[in-house]
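Notes for the one structure printed next.
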Amino acid sequence: MNKNIKQILAIIAIVLLAGLYLCAFVSAFFKSELAQTLFRAALGGTIIIPVFLYAFLLAAKALKPGKSPLIDTIVFDVGNVLIGFDYLTFCREELGFSEEIITLMTTDHRFSDLWRDFDLGLRPYEEIRDDYLRTFPSYQTEIAAFLDNIDRAMVPYGYAVPMLEALKQRGYRLYILSNWNRFTYDRLSERGDMAIEALTDGAAWSHQTHLLKPDPAAYAYLTAAFGITPERAVFIDDMAANTAAAAEAGYQTITFTDYQTMKDKLAALGVRF
């Protein structure tokens, strides 16, 4: 229960008791027949009112429990957990890509390898963009459109901010561990879509740490940098390989599929918000 509410209830109890004793004193002073009754009421209230308040506080705590006794830290991935990133739908519907290009993007390892370079943050965006265009000369127009506009496919989920605010209010420590490139990070920050970061206690972005999940070093960095006790922390990611690596590092894990399922799995760990 809120500390201010407890203080208000305590003040009310004190005022009630003081009022009863004052009435008993005034009645006795004027030799009223009510003096003895009021004095007994004051004595009874001295016992009953604190007991009532204590029972009320216990009931309130039971109805609205605090944070989990087992989990004190929650670590979130960002893409497809806090911010939607349906880039294939974006490419089909917004950029008008053919299925031939979609297949290339999802099956050619060179495409994903270059994207890893983006997320690692060891080379500037322009240099990696040029590598993309040289690697896929037949699709330069399409790939340039994809790279220059991909941040438009990244849309914060409506539940993200309210959820983080509720967890923060409960007293949980919140962190981000995400493979994320500097280019789209800056784009989203400029339009205010990285407000989620301000609600956390810290973030380990791959473009800053130069470490990618599921590399064990990424989890070791997270643990050391923020003083996390993995056994008391839960890591949430949409990629099974990433949650498996987190489990190896000692974290409780949830492989994200949808908001309600995540919420239910957190509740099973004692985390409610």
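Every chain in the structure tokens takes a letter, A first, then B, and so on in the order presented; its residues are numbered from 1, and the ligands are numbered from 1 following the presented order.
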
Enumerate as JSON, numbers by chain all residues of stretch 133-234 of chain A assigned to helix (DSSP H, G or I) by DSSP on the backbone, naming them with the chain letters and numbers the document uses. {"A": [133, 134, 135, 137, 138, 139, 140, 141, 142, 143, 144, 145, 146, 147, 148, 149, 150, 151, 152, 153, 160, 161, 162, 163, 164, 165, 166, 167, 168, 169, 170, 182, 183, 184, 185, 186, 187, 188, 189, 190, 195, 196, 197, 198, 206, 207, 208, 209, 216, 217, 218, 219, 220, 221, 222, 223, 224, 225, 226, 230, 231, 232]}

List the spatial neighbours of stretch 81-95 of chain A as an MDAnalysis selection string - criterion: any atom at most 6 Å away, only C-alpha atoms, same-chain residues fewer than 3 positions off excluded. chainID A and resid 78 153:157 160

Applying 9 Å and only C-alpha atoms, which residues near stretch 196-210 of chain A remain after dropping the ones on its own chain fewer than 5 positions away? List them as an mmCIF file with N, CA, C and O atoms, in the first residue's frame.
```
data_model
loop_
_atom_site.group_PDB
_atom_site.id
_atom_site.type_symbol
_atom_site.label_atom_id
_atom_site.label_comp_id
_atom_site.auth_asym_id
_atom_site.auth_seq_id
_atom_site.Cartn_x
_atom_site.Cartn_y
_atom_site.Cartn_z
ATOM 1 N N LEU A 82 8.996 -5.418 -27.373
ATOM 2 C CA LEU A 82 8.520 -4.088 -26.995
ATOM 3 C C LEU A 82 8.193 -3.229 -28.219
ATOM 4 O O LEU A 82 7.321 -2.361 -28.160
ATOM 5 N N PHE A 118 25.562 -4.419 -39.114
ATOM 6 C CA PHE A 118 24.812 -3.248 -38.649
ATOM 7 C C PHE A 118 24.683 -3.286 -37.132
ATOM 8 O O PHE A 118 24.976 -2.315 -36.433
ATOM 9 N N ASP A 119 24.193 -4.416 -36.620
ATOM 10 C CA ASP A 119 23.905 -4.535 -35.189
ATOM 11 C C ASP A 119 25.162 -4.487 -34.325
ATOM 12 O O ASP A 119 25.124 -4.000 -33.194
ATOM 13 N N LEU A 120 26.279 -4.983 -34.865
ATOM 14 C CA LEU A 120 27.526 -4.969 -34.095
ATOM 15 C C LEU A 120 28.068 -3.556 -33.872
ATOM 16 O O LEU A 120 28.757 -3.293 -32.898
ATOM 17 N N GLY A 121 27.781 -2.664 -34.799
ATOM 18 C CA GLY A 121 28.189 -1.278 -34.632
ATOM 19 C C GLY A 121 29.673 -1.013 -34.778
ATOM 20 O O GLY A 121 30.192 -0.028 -34.249
ATOM 21 N N LEU A 122 30.372 -1.865 -35.520
ATOM 22 C CA LEU A 122 31.813 -1.681 -35.692
ATOM 23 C C LEU A 122 32.165 -0.895 -36.948
ATOM 24 O O LEU A 122 33.302 -0.449 -37.105
ATOM 25 N N PRO A 156 6.313 0.769 -31.902
ATOM 26 C CA PRO A 156 6.171 0.340 -30.501
ATOM 27 C C PRO A 156 4.807 -0.311 -30.249
ATOM 28 O O PRO A 156 3.784 0.171 -30.744
ATOM 29 N N ALA A 160 3.606 -1.628 -24.293
ATOM 30 C CA ALA A 160 4.988 -1.564 -23.790
ATOM 31 C C ALA A 160 5.163 -0.541 -22.667
ATOM 32 O O ALA A 160 5.648 -0.878 -21.580
ATOM 33 N N VAL A 161 4.817 0.708 -22.919
ATOM 34 C CA VAL A 161 5.031 1.756 -21.911
ATOM 35 C C VAL A 161 4.201 1.519 -20.650
ATOM 36 O O VAL A 161 4.748 1.567 -19.532
ATOM 37 N N LEU A 164 5.836 -1.346 -18.619
ATOM 38 C CA LEU A 164 7.082 -0.962 -17.969
ATOM 39 C C LEU A 164 6.815 -0.036 -16.783
ATOM 40 O O LEU A 164 7.460 -0.157 -15.729
ATOM 41 N N GLU A 165 5.868 0.882 -16.949
ATOM 42 C CA GLU A 165 5.528 1.791 -15.847
ATOM 43 C C GLU A 165 4.976 1.019 -14.656
ATOM 44 O O GLU A 165 5.323 1.309 -13.500
ATOM 45 N N LYS A 168 7.800 -0.934 -12.985
ATOM 46 C CA LYS A 168 8.669 0.001 -12.266
ATOM 47 C C LYS A 168 8.014 0.430 -10.953
ATOM 48 O O LYS A 168 8.680 0.519 -9.912
ATOM 49 N N ARG A 173 13.583 -4.019 -11.048
ATOM 50 C CA ARG A 173 14.661 -3.445 -11.843
ATOM 51 C C ARG A 173 14.452 -3.909 -13.290
ATOM 52 O O ARG A 173 14.271 -5.099 -13.546
ATOM 53 N N LEU A 174 14.497 -2.972 -14.226
ATOM 54 C CA LEU A 174 14.206 -3.270 -15.629
ATOM 55 C C LEU A 174 15.416 -2.937 -16.496
ATOM 56 O O LEU A 174 16.017 -1.862 -16.346
ATOM 57 N N TYR A 175 15.733 -3.856 -17.425
ATOM 58 C CA TYR A 175 16.873 -3.639 -18.315
ATOM 59 C C TYR A 175 16.527 -4.087 -19.734
ATOM 60 O O TYR A 175 15.575 -4.840 -19.958
ATOM 61 N N ILE A 176 17.335 -3.616 -20.670
ATOM 62 C CA ILE A 176 17.215 -3.997 -22.080
ATOM 63 C C ILE A 176 18.506 -4.686 -22.511
ATOM 64 O O ILE A 176 19.602 -4.218 -22.187
ATOM 65 N N LEU A 177 18.344 -5.798 -23.213
ATOM 66 C CA LEU A 177 19.478 -6.449 -23.891
ATOM 67 C C LEU A 177 19.002 -6.731 -25.306
ATOM 68 O O LEU A 177 18.164 -7.607 -25.522
ATOM 69 N N SER A 178 19.521 -5.987 -26.278
ATOM 70 C CA SER A 178 18.959 -6.076 -27.620
ATOM 71 C C SER A 178 20.014 -5.936 -28.709
ATOM 72 O O SER A 178 20.920 -5.099 -28.604
ATOM 73 N N ASN A 179 19.881 -6.770 -29.745
ATOM 74 C CA ASN A 179 20.665 -6.597 -30.971
ATOM 75 C C ASN A 179 19.986 -5.495 -31.778
ATOM 76 O O ASN A 179 18.904 -5.703 -32.326
ATOM 77 N N TRP A 180 20.624 -4.337 -31.842
ATOM 78 C CA TRP A 180 19.967 -3.180 -32.463
ATOM 79 C C TRP A 180 21.020 -2.256 -33.041
ATOM 80 O O TRP A 180 22.003 -1.929 -32.374
ATOM 81 N N ASN A 181 20.805 -1.821 -34.284
ATOM 82 C CA ASN A 181 21.815 -0.978 -34.931
ATOM 83 C C ASN A 181 21.617 0.500 -34.627
ATOM 84 O O ASN A 181 20.522 0.944 -34.264
ATOM 85 N N ARG A 182 22.676 1.247 -34.774
ATOM 86 C CA ARG A 182 22.684 2.670 -34.418
ATOM 87 C C ARG A 182 21.773 3.490 -35.329
ATOM 88 O O ARG A 182 21.105 4.425 -34.874
ATOM 89 N N ALA A 218 27.581 -11.545 -24.366
ATOM 90 C CA ALA A 218 26.554 -10.501 -24.259
ATOM 91 C C ALA A 218 25.845 -10.580 -22.915
ATOM 92 O O ALA A 218 25.551 -9.555 -22.274
ATOM 93 N N TYR A 221 28.239 -9.577 -20.089
ATOM 94 C CA TYR A 221 28.346 -8.114 -20.016
ATOM 95 C C TYR A 221 27.148 -7.539 -19.262
ATOM 96 O O TYR A 221 27.306 -6.691 -18.375
ATOM 97 N N LEU A 222 25.943 -7.982 -19.626
ATOM 98 C CA LEU A 222 24.718 -7.505 -18.972
ATOM 99 C C LEU A 222 24.793 -7.730 -17.465
ATOM 100 O O LEU A 222 24.522 -6.817 -16.672
ATOM 101 N N ALA A 225 27.712 -5.505 -15.891
ATOM 102 C CA ALA A 225 27.533 -4.053 -16.026
ATOM 103 C C ALA A 225 26.477 -3.518 -15.071
ATOM 104 O O ALA A 225 26.591 -2.402 -14.549
ATOM 105 N N PHE A 226 25.425 -4.311 -14.810
ATOM 106 C CA PHE A 226 24.312 -3.821 -14.001
ATOM 107 C C PHE A 226 24.162 -4.546 -12.666
ATOM 108 O O PHE A 226 23.182 -4.329 -11.947
#
```

So that I can see what lies close to A:Thr73, please list as JSON, numbers by chain the residues with an atom at most 9 Å from it, counting only C-alpha atoms and leaving out residues fewer than 2 positions away in the same chain. {"A": [71, 75, 172, 173, 174, 175, 228, 229, 230, 232, 233, 234, 235]}

Preceding selection exported with N, CA and C atoms as a compact mmCIF listing (two decimals), in the first residue's frame:
```txt
# COMPACT_ATOMS: atom_id res chain seq x y z
N ILE A 71 11.76 -13.05 -8.05
CA ILE A 71 12.30 -12.26 -9.17
C ILE A 71 12.36 -10.79 -8.77
N VAL A 75 14.60 -8.46 -17.73
CA VAL A 75 15.39 -7.99 -18.88
C VAL A 75 14.60 -8.25 -20.15
N TYR A 172 10.41 -3.37 -9.53
CA TYR A 172 11.32 -4.24 -10.27
C TYR A 172 12.41 -3.43 -10.95
N ARG A 173 13.58 -4.02 -11.05
CA ARG A 173 14.66 -3.44 -11.84
C ARG A 173 14.45 -3.91 -13.29
N LEU A 174 14.50 -2.97 -14.23
CA LEU A 174 14.21 -3.27 -15.63
C LEU A 174 15.42 -2.94 -16.50
N TYR A 175 15.73 -3.86 -17.42
CA TYR A 175 16.87 -3.64 -18.31
C TYR A 175 16.53 -4.09 -19.73
N ILE A 228 23.48 -7.67 -11.90
CA ILE A 228 22.28 -8.51 -11.86
C ILE A 228 22.61 -9.88 -11.27
N THR A 229 21.72 -10.38 -10.45
CA THR A 229 21.81 -11.76 -9.99
C THR A 229 20.94 -12.60 -10.91
N PRO A 230 21.52 -13.36 -11.83
CA PRO A 230 20.73 -14.06 -12.86
C PRO A 230 19.62 -14.94 -12.30
N ARG A 232 17.73 -14.44 -9.92
CA ARG A 232 16.58 -13.62 -9.50
C ARG A 232 16.08 -12.72 -10.63
N ALA A 233 16.51 -13.05 -11.86
CA ALA A 233 16.13 -12.25 -13.02
C ALA A 233 15.47 -13.12 -14.07
N VAL A 234 14.56 -12.52 -14.84
CA VAL A 234 13.93 -13.22 -15.96
C VAL A 234 14.26 -12.46 -17.24
N PHE A 235 14.65 -13.20 -18.27
CA PHE A 235 15.02 -12.62 -19.56
C PHE A 235 13.95 -12.99 -20.58
```

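Atom CA of A:Phe273 sits 9.8 Å away from atom CA of A:Pro162.
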
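Distances here use only C-alpha atoms; by that measure, the residue among A:Ile150, A:Ala217, A:Leu167, A:Ile143 closest to A:Tyr185 is A:Ile150.
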
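The residue that comes closest to A:Lys213, out of A:Thr255, A:Asp77, A:Asp130, A:Trp115 and on the basis of only C-alpha atoms, is A:Asp77.
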
Near A:Pro216, within 12 Å and counting only C-alpha atoms, which residues show up once chain neighbours fewer than 3 positions away are dropped, as a ChimeraX atom specification? /A:211-213,219-223,241-251
